[in-house]
>>> print(open('my_file-v1.cif').read())   # mmCIF, C-alpha atoms
data_my_file
#
loop_
_atom_site.group_PDB
_atom_site.id
_atom_site.type_symbol
_atom_site.label_atom_id
_atom_site.label_comp_id
_atom_site.auth_asym_id
_atom_site.auth_seq_id
_atom_site.Cartn_x
_atom_site.Cartn_y
_atom_site.Cartn_z
ATOM 1 C CA MET A 248 -21.022 17.121 5.327
ATOM 2 C CA LEU A 249 -20.587 13.989 3.209
ATOM 3 C CA THR A 250 -19.597 10.657 4.638
ATOM 4 C CA HIS A 251 -16.607 8.863 3.144
ATOM 5 C CA ALA A 252 -18.917 6.472 1.283
ATOM 6 C CA GLU A 253 -20.992 9.340 -0.130
ATOM 7 C CA LEU A 254 -17.919 11.277 -1.220
ATOM 8 C CA LYS A 255 -16.453 8.183 -2.857
ATOM 9 C CA ALA A 256 -19.706 7.444 -4.697
ATOM 10 C CA LYS A 257 -19.920 11.052 -5.884
ATOM 11 C CA ALA A 258 -16.318 11.049 -7.124
ATOM 12 C CA LEU A 259 -16.658 7.673 -8.839
ATOM 13 C CA ALA A 260 -19.698 8.924 -10.758
ATOM 14 C CA ASP A 261 -17.203 10.843 -12.930
ATOM 15 C CA PRO A 262 -16.050 8.432 -15.691
ATOM 16 C CA GLU A 263 -12.482 9.810 -15.660
ATOM 17 C CA VAL A 264 -12.194 9.386 -11.892
ATOM 18 C CA MET A 265 -13.665 5.887 -12.153
ATOM 19 C CA ALA A 266 -11.183 4.856 -14.865
ATOM 20 C CA GLU A 267 -8.217 6.089 -12.810
ATOM 21 C CA TYR A 268 -9.590 4.485 -9.640
ATOM 22 C CA GLU A 269 -9.943 1.142 -11.394
ATOM 23 C CA ARG A 270 -6.408 1.386 -12.807
ATOM 24 C CA LEU A 271 -4.989 2.143 -9.376
ATOM 25 C CA ASN A 272 -7.173 -0.438 -7.715
ATOM 26 C CA ARG A 273 -5.811 -3.199 -9.918
ATOM 27 C CA GLU A 274 -2.194 -2.323 -9.269
ATOM 28 C CA GLU A 275 -1.198 -0.138 -6.344
ATOM 29 C CA PHE A 276 -4.242 -0.792 -4.199
ATOM 30 C CA ALA A 277 -3.809 -4.537 -4.599
ATOM 31 C CA ILE A 278 -0.197 -4.259 -3.442
ATOM 32 C CA LEU A 279 -1.194 -1.973 -0.569
ATOM 33 C CA ASP A 280 -3.950 -4.351 0.517
ATOM 34 C CA GLU A 281 -1.498 -7.253 0.534
ATOM 35 C CA ILE A 282 1.112 -5.300 2.486
ATOM 36 C CA LEU A 283 -1.359 -4.067 5.094
ATOM 37 C CA ALA A 284 -2.907 -7.518 5.448
ATOM 38 C CA ALA A 285 0.553 -9.035 5.979
ATOM 39 C CA ARG A 286 1.377 -6.426 8.628
ATOM 40 C CA ARG A 287 -1.930 -7.067 10.424
ATOM 41 C CA GLU A 288 -1.373 -10.818 10.182
ATOM 42 C CA ALA A 289 2.064 -10.368 11.742
ATOM 43 C CA GLY A 290 0.470 -8.264 14.496
ATOM 44 C CA LEU A 291 2.970 -5.437 13.992
ATOM 45 C CA THR A 292 2.641 -1.676 14.133
ATOM 46 C CA GLN A 293 4.361 0.613 11.658
ATOM 47 C CA ALA A 294 6.898 1.439 14.379
ATOM 48 C CA GLN A 295 7.690 -2.237 14.926
ATOM 49 C CA VAL A 296 8.102 -2.838 11.192
ATOM 50 C CA ALA A 297 10.333 0.234 10.970
ATOM 51 C CA GLU A 298 12.535 -1.007 13.803
ATOM 52 C CA ARG A 299 12.964 -4.355 12.078
ATOM 53 C CA MET A 300 13.785 -2.562 8.805
ATOM 54 C CA GLY A 301 16.328 -0.315 10.511
ATOM 55 C CA THR A 302 14.370 2.855 9.823
ATOM 56 C CA LYS A 303 11.807 5.119 11.525
ATOM 57 C CA ALA A 304 8.009 4.749 11.691
ATOM 58 C CA PRO A 305 7.363 7.797 9.439
ATOM 59 C CA ALA A 306 9.309 6.044 6.655
ATOM 60 C CA VAL A 307 7.001 3.024 6.888
ATOM 61 C CA ALA A 308 3.972 5.319 6.964
ATOM 62 C CA ARG A 309 5.276 7.061 3.819
ATOM 63 C CA LEU A 310 5.844 3.693 2.138
ATOM 64 C CA GLU A 311 2.285 2.583 2.836
ATOM 65 C CA ALA A 312 0.872 5.992 1.857
ATOM 66 C CA SER A 313 2.897 6.060 -1.366
ATOM 67 C CA LEU A 314 1.261 2.839 -2.470
ATOM 68 C CA ALA A 315 -2.165 4.329 -1.768
ATOM 69 C CA SER A 316 -1.425 7.548 -3.643
ATOM 70 C CA GLY A 317 0.452 6.051 -6.572
ATOM 71 C CA LYS A 318 2.776 9.072 -6.487
ATOM 72 C CA HIS A 319 5.880 7.097 -5.611
ATOM 73 C CA SER A 320 6.915 3.572 -6.355
ATOM 74 C CA PRO A 321 9.046 2.019 -3.641
ATOM 75 C CA SER A 322 12.169 0.172 -4.713
ATOM 76 C CA ILE A 323 12.310 -3.601 -4.810
ATOM 77 C CA ASP A 324 14.924 -3.401 -2.047
ATOM 78 C CA THR A 325 12.543 -1.428 0.192
ATOM 79 C CA LEU A 326 9.708 -3.877 -0.437
ATOM 80 C CA ARG A 327 12.107 -6.755 0.259
ATOM 81 C CA LYS A 328 13.090 -5.196 3.613
ATOM 82 C CA TYR A 329 9.424 -4.641 4.473
ATOM 83 C CA ALA A 330 8.590 -8.265 3.641
ATOM 84 C CA HIS A 331 11.570 -9.524 5.655
ATOM 85 C CA ALA A 332 10.441 -7.418 8.637
ATOM 86 C CA LEU A 333 7.144 -9.334 8.497
ATOM 87 C CA GLY A 334 8.878 -12.693 8.296
ATOM 88 C CA LYS A 335 8.039 -13.048 4.615
ATOM 89 C CA ARG A 336 9.916 -12.881 1.343
ATOM 90 C CA LEU A 337 9.173 -10.790 -1.705
ATOM 91 C CA GLU A 338 8.351 -12.375 -5.059
ATOM 92 C CA VAL A 339 7.846 -10.391 -8.251
ATOM 93 C CA HIS A 340 6.097 -12.010 -11.195
ATOM 94 C CA LEU A 341 5.316 -10.910 -14.715
ATOM 95 C CA VAL A 342 1.943 -12.167 -15.863
ATOM 96 C CA PRO A 343 0.254 -11.953 -19.249
#
>>> encode(input="my_file-v1.cif", output="structure tokens")
Amino acid sequence: MLTHAELKAKALADPEVMAEYERLNREEFAILDEILAARREAGLTQAQVAERMGTKAPAVARLEASLASGKHSPSIDTLRKYAHALGKRLEVHLVP
């Protein structure tokens, strides 16, 4: 049985997998990392964030998972509610 690190290294040895991983890492993973770091910094569980957003914990879990998978892009409104639940505000910037 492979460890997570071994499996990741094996998968990333494939140039196509590596290219997709790097694309995701720059975009979705960066957003996910920021969101998870903000939630940890706020000391909140998914259930607590959900309560503050007026939703259920599975919805917050799906939001966080969707950013990891890249299969769904949450709306700006959803990200704004998430940020507000953490005592933060959402800013979106276009950069060259």
>>> axis_aligned_box(input="my_file-v1.cif", around="stretch 275-292 of chain A", padding_each_side="3 Å", output="lines of an AutoDock Vina configuration file")
center_x = -0.6
center_y = -5.5
center_z = 4.1
size_x = 13.2
size_y = 16.7
size_z = 26.8
>>> resolve_selection(input="my_file-v1.cif", expression="the PyMOL selection byres ((chain A and resi 285) around 12)", output="NGL selection string")
:A and (278-284 or 286-293 or 296 or 329-337)
>>> closest_residue(input="my_file-v1.cif", among="A:Lys303, A:Glu274, A:Leu259, A:Met265", to="A:Ser316", atoms="all atoms listed in the file")
A:Glu274
>>> resolve_selection(input="my_file-v1.cif", expression="the PyMOL selection byres ((chain A and resi 323) around 12)", output="list in words")
Leu310, Ser320, Pro321, Ser322, Asp324, Thr325, Leu326, Arg327, Lys328, Tyr329, Ala330, Arg336, Leu337, Glu338 and Val339 of chain A
>>> atom_distance(input="my_file-v1.cif", atom1="atom CA of A:Glu269", atom2="atom CA of A:Leu314")
14.4 Å
>>> atom_distance(input="my_file-v1.cif", atom1="atom CA of A:Ala312", atom2="atom CA of A:Tyr268")
15.6 Å
>>> atom_distance(input="my_file-v1.cif", atom1="atom CA of A:Val264", atom2="atom CA of A:Leu341")
27.0 Å
>>> closest_residue(input="my_file-v1.cif", among="A:Phe276, A:Glu253, A:Val342, A:Met300", to="A:Ser313", atoms="only C-alpha atoms")
A:Phe276
